[in-house]
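As provided, work.txt (compact mmCIF, N, CA and C atoms) reads as follows.
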# COMPACT_ATOMS: atom_id res chain seq x y z
N MET A 1 29.54 -101.36 17.40
CA MET A 1 29.95 -100.43 16.37
C MET A 1 31.09 -101.08 15.57
N SER A 2 31.02 -101.00 14.25
CA SER A 2 32.04 -101.63 13.43
C SER A 2 33.32 -100.79 13.43
N ILE A 3 34.39 -101.45 13.03
CA ILE A 3 35.70 -100.77 12.99
C ILE A 3 35.68 -99.65 11.96
N ASP A 4 35.04 -99.86 10.82
CA ASP A 4 34.96 -98.82 9.79
C ASP A 4 34.23 -97.59 10.30
N ARG A 5 33.17 -97.82 11.03
CA ARG A 5 32.40 -96.69 11.56
C ARG A 5 33.22 -95.93 12.60
N LYS A 6 33.92 -96.65 13.45
CA LYS A 6 34.77 -96.01 14.45
C LYS A 6 35.86 -95.19 13.78
N ALA A 7 36.44 -95.73 12.74
CA ALA A 7 37.49 -95.01 12.00
C ALA A 7 36.92 -93.76 11.34
N ALA A 8 35.73 -93.86 10.80
CA ALA A 8 35.10 -92.70 10.16
C ALA A 8 34.80 -91.61 11.19
N ILE A 9 34.32 -92.00 12.35
CA ILE A 9 34.04 -91.03 13.41
C ILE A 9 35.32 -90.36 13.89
N ALA A 10 36.36 -91.15 14.06
CA ALA A 10 37.65 -90.60 14.50
C ALA A 10 38.20 -89.63 13.46
N ALA A 11 38.09 -89.97 12.18
CA ALA A 11 38.57 -89.09 11.11
C ALA A 11 37.77 -87.79 11.07
N TYR A 12 36.47 -87.89 11.30
CA TYR A 12 35.62 -86.70 11.32
C TYR A 12 36.03 -85.76 12.45
N LYS A 13 36.30 -86.31 13.62
CA LYS A 13 36.68 -85.49 14.76
C LYS A 13 38.05 -84.85 14.59
N GLU A 14 38.93 -85.48 13.82
CA GLU A 14 40.29 -84.98 13.64
C GLU A 14 40.44 -84.07 12.42
N ARG A 15 39.40 -83.88 11.65
CA ARG A 15 39.51 -83.08 10.44
C ARG A 15 39.87 -81.63 10.77
N LYS A 16 40.56 -80.99 9.86
CA LYS A 16 40.95 -79.60 10.03
C LYS A 16 39.80 -78.71 9.57
N THR A 17 39.55 -77.66 10.31
CA THR A 17 38.55 -76.69 9.90
C THR A 17 39.28 -75.49 9.31
N ILE A 18 38.63 -74.83 8.38
CA ILE A 18 39.24 -73.69 7.70
C ILE A 18 38.47 -72.44 8.10
N ALA A 19 39.13 -71.57 8.84
CA ALA A 19 38.53 -70.31 9.26
C ALA A 19 38.68 -69.29 8.14
N GLY A 20 37.77 -68.32 8.11
CA GLY A 20 37.90 -67.30 7.09
C GLY A 20 36.76 -66.30 7.07
N ILE A 21 36.77 -65.51 6.03
CA ILE A 21 35.79 -64.44 5.84
C ILE A 21 34.93 -64.80 4.63
N PHE A 22 33.64 -64.54 4.74
CA PHE A 22 32.71 -64.84 3.65
C PHE A 22 31.84 -63.64 3.35
N VAL A 23 31.22 -63.67 2.17
CA VAL A 23 30.30 -62.60 1.77
C VAL A 23 29.01 -63.23 1.24
N VAL A 24 27.90 -62.61 1.60
CA VAL A 24 26.59 -62.97 1.05
C VAL A 24 26.13 -61.75 0.27
N ARG A 25 25.75 -61.96 -0.98
CA ARG A 25 25.33 -60.84 -1.84
C ARG A 25 23.91 -61.06 -2.33
N CYS A 26 23.20 -59.96 -2.47
CA CYS A 26 21.87 -59.98 -3.06
C CYS A 26 22.03 -59.54 -4.51
N THR A 27 21.70 -60.41 -5.45
CA THR A 27 21.89 -60.10 -6.86
C THR A 27 20.92 -59.03 -7.33
N ALA A 28 19.75 -58.94 -6.73
CA ALA A 28 18.75 -57.97 -7.17
C ALA A 28 19.05 -56.56 -6.68
N SER A 29 19.43 -56.42 -5.42
CA SER A 29 19.63 -55.09 -4.85
C SER A 29 21.09 -54.64 -4.83
N GLY A 30 22.01 -55.58 -4.97
CA GLY A 30 23.42 -55.25 -4.91
C GLY A 30 23.97 -55.15 -3.51
N GLU A 31 23.15 -55.40 -2.50
CA GLU A 31 23.61 -55.34 -1.11
C GLU A 31 24.58 -56.49 -0.84
N ALA A 32 25.46 -56.26 0.14
CA ALA A 32 26.41 -57.29 0.53
C ALA A 32 26.54 -57.32 2.04
N TRP A 33 26.78 -58.52 2.57
CA TRP A 33 26.98 -58.73 4.00
C TRP A 33 28.23 -59.57 4.16
N VAL A 34 29.08 -59.17 5.09
CA VAL A 34 30.34 -59.87 5.32
C VAL A 34 30.34 -60.45 6.73
N GLY A 35 30.88 -61.65 6.86
CA GLY A 35 30.97 -62.29 8.16
C GLY A 35 32.23 -63.10 8.29
N GLN A 36 32.48 -63.54 9.50
CA GLN A 36 33.64 -64.38 9.79
C GLN A 36 33.15 -65.72 10.31
N ALA A 37 33.93 -66.76 10.07
CA ALA A 37 33.52 -68.09 10.51
C ALA A 37 34.74 -68.91 10.90
N PRO A 38 34.65 -69.65 11.99
CA PRO A 38 35.73 -70.55 12.34
C PRO A 38 35.79 -71.77 11.42
N ASN A 39 34.70 -72.02 10.67
CA ASN A 39 34.65 -73.12 9.73
C ASN A 39 33.86 -72.69 8.50
N LEU A 40 34.57 -72.34 7.43
CA LEU A 40 33.91 -71.87 6.21
C LEU A 40 33.06 -72.94 5.53
N GLU A 41 33.38 -74.20 5.78
CA GLU A 41 32.67 -75.28 5.11
C GLU A 41 31.23 -75.45 5.60
N THR A 42 30.92 -74.94 6.79
CA THR A 42 29.59 -75.16 7.35
C THR A 42 28.76 -73.88 7.50
N ILE A 43 29.35 -72.73 7.32
CA ILE A 43 28.66 -71.48 7.64
C ILE A 43 27.50 -71.19 6.69
N GLN A 44 27.62 -71.50 5.42
CA GLN A 44 26.52 -71.21 4.50
C GLN A 44 25.27 -71.98 4.90
N ASN A 45 25.42 -73.24 5.24
CA ASN A 45 24.28 -74.05 5.65
C ASN A 45 23.61 -73.45 6.88
N ARG A 46 24.41 -72.98 7.84
CA ARG A 46 23.86 -72.38 9.06
C ARG A 46 23.09 -71.10 8.74
N ILE A 47 23.64 -70.26 7.88
CA ILE A 47 22.98 -69.00 7.52
C ILE A 47 21.68 -69.27 6.77
N TRP A 48 21.75 -70.14 5.76
CA TRP A 48 20.56 -70.44 4.95
C TRP A 48 19.47 -71.05 5.83
N PHE A 49 19.84 -71.89 6.78
CA PHE A 49 18.85 -72.50 7.68
C PHE A 49 18.12 -71.42 8.47
N SER A 50 18.86 -70.49 9.07
CA SER A 50 18.20 -69.44 9.87
C SER A 50 17.37 -68.52 8.99
N LEU A 51 17.81 -68.29 7.76
CA LEU A 51 17.01 -67.47 6.84
C LEU A 51 15.71 -68.18 6.46
N ARG A 52 15.79 -69.47 6.21
CA ARG A 52 14.58 -70.24 5.88
C ARG A 52 13.58 -70.23 7.04
N GLN A 53 14.11 -70.24 8.26
CA GLN A 53 13.26 -70.21 9.44
C GLN A 53 12.68 -68.82 9.70
N GLY A 54 13.28 -67.81 9.05
CA GLY A 54 12.80 -66.44 9.22
C GLY A 54 13.29 -65.77 10.48
N ASN A 55 14.39 -66.28 11.04
CA ASN A 55 14.86 -65.71 12.30
C ASN A 55 16.34 -65.36 12.29
N HIS A 56 16.87 -64.96 11.15
CA HIS A 56 18.28 -64.55 11.12
C HIS A 56 18.44 -63.25 11.89
N MET A 57 19.53 -63.12 12.60
CA MET A 57 19.75 -61.95 13.45
C MET A 57 19.94 -60.65 12.66
N CYS A 58 20.46 -60.74 11.45
CA CYS A 58 20.66 -59.56 10.62
C CYS A 58 19.35 -59.26 9.87
N ARG A 59 18.67 -58.21 10.31
CA ARG A 59 17.34 -57.89 9.76
C ARG A 59 17.39 -57.57 8.27
N SER A 60 18.42 -56.85 7.82
CA SER A 60 18.47 -56.47 6.40
C SER A 60 18.72 -57.69 5.52
N LEU A 61 19.52 -58.64 5.98
CA LEU A 61 19.73 -59.88 5.24
C LEU A 61 18.45 -60.70 5.19
N GLN A 62 17.75 -60.77 6.31
CA GLN A 62 16.48 -61.50 6.34
C GLN A 62 15.47 -60.84 5.41
N ALA A 63 15.46 -59.51 5.37
CA ALA A 63 14.53 -58.79 4.48
C ALA A 63 14.85 -59.09 3.02
N ALA A 64 16.14 -59.15 2.68
CA ALA A 64 16.53 -59.47 1.30
C ALA A 64 16.11 -60.90 0.95
N TRP A 65 16.29 -61.82 1.88
CA TRP A 65 15.86 -63.21 1.67
C TRP A 65 14.35 -63.27 1.46
N ASN A 66 13.61 -62.56 2.29
CA ASN A 66 12.14 -62.58 2.20
C ASN A 66 11.69 -61.99 0.87
N ALA A 67 12.38 -60.96 0.39
CA ALA A 67 11.98 -60.29 -0.85
C ALA A 67 12.39 -61.06 -2.10
N HIS A 68 13.59 -61.67 -2.08
CA HIS A 68 14.14 -62.26 -3.30
C HIS A 68 14.34 -63.76 -3.24
N GLY A 69 14.22 -64.34 -2.06
CA GLY A 69 14.36 -65.78 -1.92
C GLY A 69 15.79 -66.27 -2.02
N GLU A 70 15.94 -67.58 -1.90
CA GLU A 70 17.26 -68.20 -1.93
C GLU A 70 17.98 -67.94 -3.25
N ALA A 71 17.24 -67.95 -4.35
CA ALA A 71 17.86 -67.73 -5.66
C ALA A 71 18.43 -66.32 -5.81
N GLY A 72 17.95 -65.38 -5.01
CA GLY A 72 18.42 -64.01 -5.10
C GLY A 72 19.68 -63.73 -4.31
N LEU A 73 20.15 -64.71 -3.53
CA LEU A 73 21.35 -64.51 -2.73
C LEU A 73 22.45 -65.46 -3.18
N THR A 74 23.69 -64.97 -3.10
CA THR A 74 24.84 -65.81 -3.40
C THR A 74 25.78 -65.80 -2.20
N PHE A 75 26.54 -66.86 -2.06
CA PHE A 75 27.50 -67.01 -0.97
C PHE A 75 28.88 -67.18 -1.59
N GLY A 76 29.87 -66.49 -1.02
CA GLY A 76 31.23 -66.65 -1.51
C GLY A 76 32.25 -66.47 -0.40
N GLU A 77 33.40 -67.03 -0.62
CA GLU A 77 34.51 -66.87 0.32
C GLU A 77 35.34 -65.68 -0.11
N CYS A 78 35.69 -64.84 0.84
CA CYS A 78 36.59 -63.73 0.57
C CYS A 78 38.03 -64.13 0.83
N GLU A 79 38.23 -64.83 1.93
CA GLU A 79 39.59 -65.13 2.34
C GLU A 79 39.59 -66.31 3.30
N ARG A 80 40.58 -67.18 3.13
CA ARG A 80 40.81 -68.29 4.06
C ARG A 80 42.04 -67.95 4.88
N LEU A 81 41.97 -68.20 6.17
CA LEU A 81 43.10 -67.93 7.04
C LEU A 81 43.96 -69.17 7.19
N GLU A 82 45.25 -68.94 7.34
CA GLU A 82 46.16 -70.05 7.57
C GLU A 82 45.90 -70.62 8.96
N ASP A 83 46.32 -71.85 9.16
CA ASP A 83 46.14 -72.49 10.46
C ASP A 83 46.85 -71.70 11.55
N GLU A 84 46.15 -71.47 12.63
CA GLU A 84 46.72 -70.80 13.80
C GLU A 84 46.64 -71.76 14.97
N ASP A 85 47.70 -71.77 15.77
CA ASP A 85 47.74 -72.68 16.92
C ASP A 85 46.79 -72.26 18.02
N THR A 86 46.64 -70.97 18.23
CA THR A 86 45.81 -70.51 19.34
C THR A 86 44.53 -69.87 18.83
N ALA A 87 43.48 -70.10 19.56
CA ALA A 87 42.18 -69.52 19.19
C ALA A 87 42.21 -68.01 19.31
N TYR A 88 42.97 -67.50 20.27
CA TYR A 88 43.05 -66.05 20.46
C TYR A 88 43.61 -65.36 19.21
N VAL A 89 44.69 -65.88 18.68
CA VAL A 89 45.31 -65.29 17.48
C VAL A 89 44.37 -65.42 16.29
N ARG A 90 43.75 -66.60 16.14
CA ARG A 90 42.82 -66.80 15.03
C ARG A 90 41.65 -65.83 15.11
N ASN A 91 41.07 -65.65 16.29
CA ASN A 91 39.94 -64.75 16.45
C ASN A 91 40.32 -63.30 16.19
N ALA A 92 41.50 -62.90 16.61
CA ALA A 92 41.97 -61.53 16.35
C ALA A 92 42.16 -61.31 14.85
N LEU A 93 42.73 -62.30 14.17
CA LEU A 93 42.91 -62.20 12.72
C LEU A 93 41.57 -62.15 11.99
N LEU A 94 40.63 -62.98 12.42
CA LEU A 94 39.30 -62.97 11.80
C LEU A 94 38.65 -61.60 11.94
N LYS A 95 38.74 -61.02 13.10
CA LYS A 95 38.14 -59.71 13.33
C LYS A 95 38.79 -58.64 12.45
N GLU A 96 40.12 -58.66 12.39
CA GLU A 96 40.85 -57.69 11.58
C GLU A 96 40.52 -57.82 10.10
N ARG A 97 40.53 -59.04 9.60
CA ARG A 97 40.27 -59.27 8.17
C ARG A 97 38.80 -59.00 7.82
N MET A 98 37.90 -59.25 8.75
CA MET A 98 36.49 -58.96 8.49
C MET A 98 36.29 -57.46 8.33
N LEU A 99 36.91 -56.66 9.18
CA LEU A 99 36.81 -55.21 9.05
C LEU A 99 37.37 -54.74 7.71
N HIS A 100 38.48 -55.35 7.28
CA HIS A 100 39.06 -55.01 5.97
C HIS A 100 38.07 -55.28 4.84
N TRP A 101 37.50 -56.48 4.82
CA TRP A 101 36.57 -56.85 3.75
C TRP A 101 35.26 -56.07 3.83
N GLN A 102 34.85 -55.74 5.01
CA GLN A 102 33.64 -54.94 5.17
C GLN A 102 33.83 -53.58 4.51
N ALA A 103 34.99 -52.97 4.74
CA ALA A 103 35.28 -51.68 4.12
C ALA A 103 35.49 -51.82 2.62
N GLU A 104 36.20 -52.86 2.21
CA GLU A 104 36.52 -53.09 0.80
C GLU A 104 35.25 -53.29 -0.04
N LEU A 105 34.31 -54.04 0.49
CA LEU A 105 33.09 -54.38 -0.25
C LEU A 105 31.92 -53.44 0.08
N LYS A 106 32.16 -52.48 1.00
CA LYS A 106 31.10 -51.59 1.45
C LYS A 106 29.88 -52.43 1.88
N ALA A 107 30.17 -53.38 2.76
CA ALA A 107 29.16 -54.36 3.16
C ALA A 107 28.81 -54.18 4.64
N GLU A 108 27.66 -54.70 4.97
CA GLU A 108 27.21 -54.73 6.36
C GLU A 108 27.75 -55.99 7.03
N ALA A 109 28.04 -55.89 8.31
CA ALA A 109 28.54 -57.06 9.04
C ALA A 109 27.39 -57.99 9.41
N ILE A 110 27.67 -59.26 9.35
CA ILE A 110 26.70 -60.27 9.80
C ILE A 110 27.11 -60.67 11.20

Here is the file; what I need is its structure written in the form of structure tokens.
Amino acid sequence: MSIDRKAAIAAYKERKTIAGIFVVRCTASGEAWVGQAPNLETIQNRIWFSLRQGNHMCRSLQAAWNAHGEAGLTFGECERLEDEDTAYVRNALLKERMLHWQAELKAEAI
């Protein structure tokens, strides 16, 4: 393995992840779904993958995808959380902020 590759792998492992709250909206129906993620940079890809496979756990989101397709859904960030030292504090904050955004947007939880 080359030194550049080792350095790239080490940098990837040390990168900071950004936790936060996200929203998926259906442009045709106006429905919204709110979720929390320990890494906002990767969550959209994970959701879209499960929707493409037809096996997303949220039935109403899957139904919207089936009816309107990828072009009918949008993904957005609601809030990014500041770095927290402990996972317990971060998870508690994510849960609290998700409930806030769920009420604010009148959205279903993912």

Notebook entry, point to check: For Ile43 in chain A, which residue out of A:Ile21, A:Leu99, A:Cys58, A:Cys26 is the nearest one, using only C-alpha atoms?
Noted result: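 Selected residue with least distance to Ile43 in chain A: A:Ile21.
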
Check: Quick one: residues within 5 Å of range 69-83 of chain A, all atoms listed in the file counted, chain neighbours fewer than 5 positions away excluded, as a ChimeraX atom specification?
Finding: /A:19-27,64

Next item on the list: Would you list the residues near (24.4, -55.1, 1.9), meaning any protein, DNA or RNA residue with an atom at most 5 Å from that point in file coordinates, counting all atoms listed in the file, as a PyMOL selection string?
Entry: chain A and resi 31-33+107-108

Check: In Å, how far is it from atom C of Met57 in chain A to atom C of Gly35 in chain A?
Finding: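 Taking atom C of Met57 in chain A as the start and atom C of Gly35 in chain A as the end point, the length is 13.3 Å.
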
Next item on the list: Calculate how many Å separate CA of Gln102 in chain A from CA of Val34 in chain A, rounding to one decimal.
Entry: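 CA of Val34 in chain A lies at a distance of 5.9 Å from CA of Gln102 in chain A.
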
Margin query: To test your reading of the structure, identify every residue in chain A that backbone DSSP assigns to strand (DSSP E or B), and report it as a PyMOL selection string.
Written below: chain A and resi 20-26+32-37+73-80+108-109

Notebook entry, point to check: Out of A:Ala10, A:Ile3, A:Leu61, A:Leu93, which residue has the shortest atom-to-atom distance to Ile47 in chain A when counting only C-alpha atoms?
Noted result: A:Leu61
